[in-house]
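What follows is a short report on a single structure.
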Amino acid sequence: MRILRWAVAATACLAIGAATAETVYKCEAGGRTIYQQTPCAKGQRQQTIRLQDAAPAVDRPAPAGVPPPATEEAPPTAPPGPSAPPPTLFGCIRATDGKPYTSDNGNPEPYMAPFGVLGAVSQPLADTYGNRGSAVASAPELNRGKGNVAGIATSNYVWVQDQCRQLSPAEACAALRDESEANQRSIRNAFKSERGPLEAKDARLQKQLQGCR
């Protein structure tokens with residue numbers, strides 16, 4: 001019985017090593033049985049046993065009706081949103097004094113201005129202020145309550161309109177940056193009660209500057 005148990009254990013050990021040894025020798029001598037990987041000694045009864053190679057492991061299919069395990073997928077990347085368009089601004093020249101300014105309106109409304117401030121007429125002071133019915137009066141006459149004050153307010157006005165041209169994107173961005181810096185300085189120097197309109201203007205300028213980045 002002990003020999004039989006030893007033989008079973010030897011067979012199990014050889015089966016574990018079957019991947020590397022294909023031939024096993026069964027040796028019998030003196031009532032004992034020995035299993036070994038080398039041929040039996042001379043005088044022993046030998047029996048050759050061929051062992052099969054271990055079968056390669058295969059993936060077993062999932063049972064029917066069982067869904068395959070879910071694989072975690074990366075969330076889809078949202079496409080980048082459209083960039084803000086460059087600002088559209090116009091560089092304008094004030095008709096009354098020739099000073100430049102920027103505006104988002106390239107066709108400003110006409111307005112009335114005193115004809116004298118336009119510099120279109122040049123005449124001697126005597127002709128301008130010399131008679132009582134003239135449209136304007138000298139400063140001393142105004143101080144004494146004399147002169148045609150109503151004529152100053154209602155006469156010699158003409159319609160004028162500022163001239164504008166569209167700025168290039170680079171010019172518009174430069175103008176907006178300058179205006180934004182000046183407005184932020186005003187916010188820093190203003191009282192808290194005065195910052196409301198300035199902060200609203202800053203928000204509008206920052207929105208326009210998004211197209212400049």
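Residues in the structure tokens are numbered from 1 in each chain, the chains being A, B, ... in the order shown, and ligands are numbered from 1 in the order shown.
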
Within 10 Å of A:Leu89, counting only C-alpha atoms, which residues show up once you throw out same-chain ones fewer than 3 positions away? Write them as a list in words, please.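 Using only C-alpha atoms, the neighbours found are Pro86, Cys92, Thr102, Ser103, Asp104, Asn105, Gly106, Cys164, Arg165, Gln166, Leu167, Ser168, Pro169, Glu171, Ala172, Cys173, Ala175 and Leu176 of chain A.
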
Resulting file, chosen residues, N, CA, C and O atoms, as a PDB file, in the first residue's frame:
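Generated file (selection01.pdb):
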```pdb
ATOM      1  N   PRO A  86     -13.286  90.054 -34.085  1.00  0.00           N
ATOM      2  CA  PRO A  86     -12.573  91.298 -33.743  1.00  0.00           C
ATOM      3  C   PRO A  86     -13.557  92.455 -33.669  1.00  0.00           C
ATOM      4  O   PRO A  86     -14.574  92.464 -34.370  1.00  0.00           O
ATOM      5  N   CYS A  92     -13.280 108.710 -35.809  1.00  0.00           N
ATOM      6  CA  CYS A  92     -14.059 109.869 -36.265  1.00  0.00           C
ATOM      7  C   CYS A  92     -13.327 111.174 -35.934  1.00  0.00           C
ATOM      8  O   CYS A  92     -12.534 111.237 -34.997  1.00  0.00           O
ATOM      9  N   THR A 102     -13.116 107.691 -31.043  1.00  0.00           N
ATOM     10  CA  THR A 102     -13.540 106.399 -31.582  1.00  0.00           C
ATOM     11  C   THR A 102     -15.012 106.174 -31.256  1.00  0.00           C
ATOM     12  O   THR A 102     -15.517 106.649 -30.235  1.00  0.00           O
ATOM     13  N   SER A 103     -15.670 105.432 -32.119  1.00  0.00           N
ATOM     14  CA  SER A 103     -17.095 105.169 -31.947  1.00  0.00           C
ATOM     15  C   SER A 103     -17.439 103.854 -32.628  1.00  0.00           C
ATOM     16  O   SER A 103     -16.754 103.416 -33.564  1.00  0.00           O
ATOM     17  N   ASP A 104     -18.501 103.186 -32.136  1.00  0.00           N
ATOM     18  CA  ASP A 104     -18.996 101.988 -32.817  1.00  0.00           C
ATOM     19  C   ASP A 104     -20.026 102.318 -33.884  1.00  0.00           C
ATOM     20  O   ASP A 104     -20.596 101.436 -34.501  1.00  0.00           O
ATOM     21  N   ASN A 105     -20.263 103.620 -34.093  1.00  0.00           N
ATOM     22  CA  ASN A 105     -21.188 104.101 -35.119  1.00  0.00           C
ATOM     23  C   ASN A 105     -20.398 104.861 -36.177  1.00  0.00           C
ATOM     24  O   ASN A 105     -19.800 105.896 -35.884  1.00  0.00           O
ATOM     25  N   GLY A 106     -20.373 104.310 -37.378  1.00  0.00           N
ATOM     26  CA  GLY A 106     -19.623 104.969 -38.449  1.00  0.00           C
ATOM     27  C   GLY A 106     -20.400 106.017 -39.203  1.00  0.00           C
ATOM     28  O   GLY A 106     -19.853 106.658 -40.118  1.00  0.00           O
ATOM     29  N   CYS A 164     -16.148 109.814 -40.330  1.00  0.00           N
ATOM     30  CA  CYS A 164     -15.624 108.587 -39.714  1.00  0.00           C
ATOM     31  C   CYS A 164     -15.107 107.637 -40.784  1.00  0.00           C
ATOM     32  O   CYS A 164     -15.564 107.654 -41.930  1.00  0.00           O
ATOM     33  N   ARG A 165     -14.178 106.796 -40.368  1.00  0.00           N
ATOM     34  CA  ARG A 165     -13.693 105.698 -41.205  1.00  0.00           C
ATOM     35  C   ARG A 165     -13.534 104.469 -40.326  1.00  0.00           C
ATOM     36  O   ARG A 165     -13.262 104.571 -39.117  1.00  0.00           O
ATOM     37  N   GLN A 166     -13.711 103.302 -40.908  1.00  0.00           N
ATOM     38  CA  GLN A 166     -13.591 102.063 -40.140  1.00  0.00           C
ATOM     39  C   GLN A 166     -12.129 101.761 -39.847  1.00  0.00           C
ATOM     40  O   GLN A 166     -11.282 101.807 -40.745  1.00  0.00           O
ATOM     41  N   LEU A 167     -11.839 101.439 -38.597  1.00  0.00           N
ATOM     42  CA  LEU A 167     -10.477 101.107 -38.194  1.00  0.00           C
ATOM     43  C   LEU A 167     -10.173  99.648 -38.520  1.00  0.00           C
ATOM     44  O   LEU A 167     -11.063  98.797 -38.554  1.00  0.00           O
ATOM     45  N   SER A 168      -8.909  99.375 -38.770  1.00  0.00           N
ATOM     46  CA  SER A 168      -8.474  97.990 -38.946  1.00  0.00           C
ATOM     47  C   SER A 168      -8.573  97.265 -37.598  1.00  0.00           C
ATOM     48  O   SER A 168      -8.631  97.906 -36.540  1.00  0.00           O
ATOM     49  N   PRO A 169      -8.604  95.918 -37.585  1.00  0.00           N
ATOM     50  CA  PRO A 169      -8.664  95.204 -36.300  1.00  0.00           C
ATOM     51  C   PRO A 169      -7.539  95.594 -35.351  1.00  0.00           C
ATOM     52  O   PRO A 169      -7.770  95.723 -34.142  1.00  0.00           O
ATOM     53  N   GLU A 171      -5.923  98.494 -35.238  1.00  0.00           N
ATOM     54  CA  GLU A 171      -6.189  99.845 -34.735  1.00  0.00           C
ATOM     55  C   GLU A 171      -7.321  99.827 -33.713  1.00  0.00           C
ATOM     56  O   GLU A 171      -7.255 100.534 -32.694  1.00  0.00           O
ATOM     57  N   ALA A 172      -8.356  99.050 -33.987  1.00  0.00           N
ATOM     58  CA  ALA A 172      -9.487  98.990 -33.062  1.00  0.00           C
ATOM     59  C   ALA A 172      -9.053  98.407 -31.715  1.00  0.00           C
ATOM     60  O   ALA A 172      -9.445  98.914 -30.656  1.00  0.00           O
ATOM     61  N   CYS A 173      -8.242  97.344 -31.730  1.00  0.00           N
ATOM     62  CA  CYS A 173      -7.778  96.737 -30.480  1.00  0.00           C
ATOM     63  C   CYS A 173      -6.898  97.707 -29.691  1.00  0.00           C
ATOM     64  O   CYS A 173      -6.999  97.794 -28.455  1.00  0.00           O
ATOM     65  N   ALA A 175      -7.027 100.971 -29.766  1.00  0.00           N
ATOM     66  CA  ALA A 175      -7.884 102.025 -29.220  1.00  0.00           C
ATOM     67  C   ALA A 175      -8.662 101.516 -28.004  1.00  0.00           C
ATOM     68  O   ALA A 175      -8.822 102.223 -27.001  1.00  0.00           O
ATOM     69  N   LEU A 176      -9.154 100.276 -28.074  1.00  0.00           N
ATOM     70  CA  LEU A 176      -9.898  99.720 -26.946  1.00  0.00           C
ATOM     71  C   LEU A 176      -9.005  99.532 -25.722  1.00  0.00           C
ATOM     72  O   LEU A 176      -9.433  99.780 -24.583  1.00  0.00           O
TER      73      LEU A 176
END
```

Distance query A:Asn107 at most 9 Å, only C-alpha atoms, self and fewer than 4 positions along chain excluded, as a ChimeraX atom specification: /A:161-164

What is the distance, in Å and to one decimal place, between atom CA of A:Gly116 and atom CA of A:Asp97?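 Spanning atom CA of A:Gly116 to atom CA of A:Asp97 is a straight-line distance of 11.3 Å.
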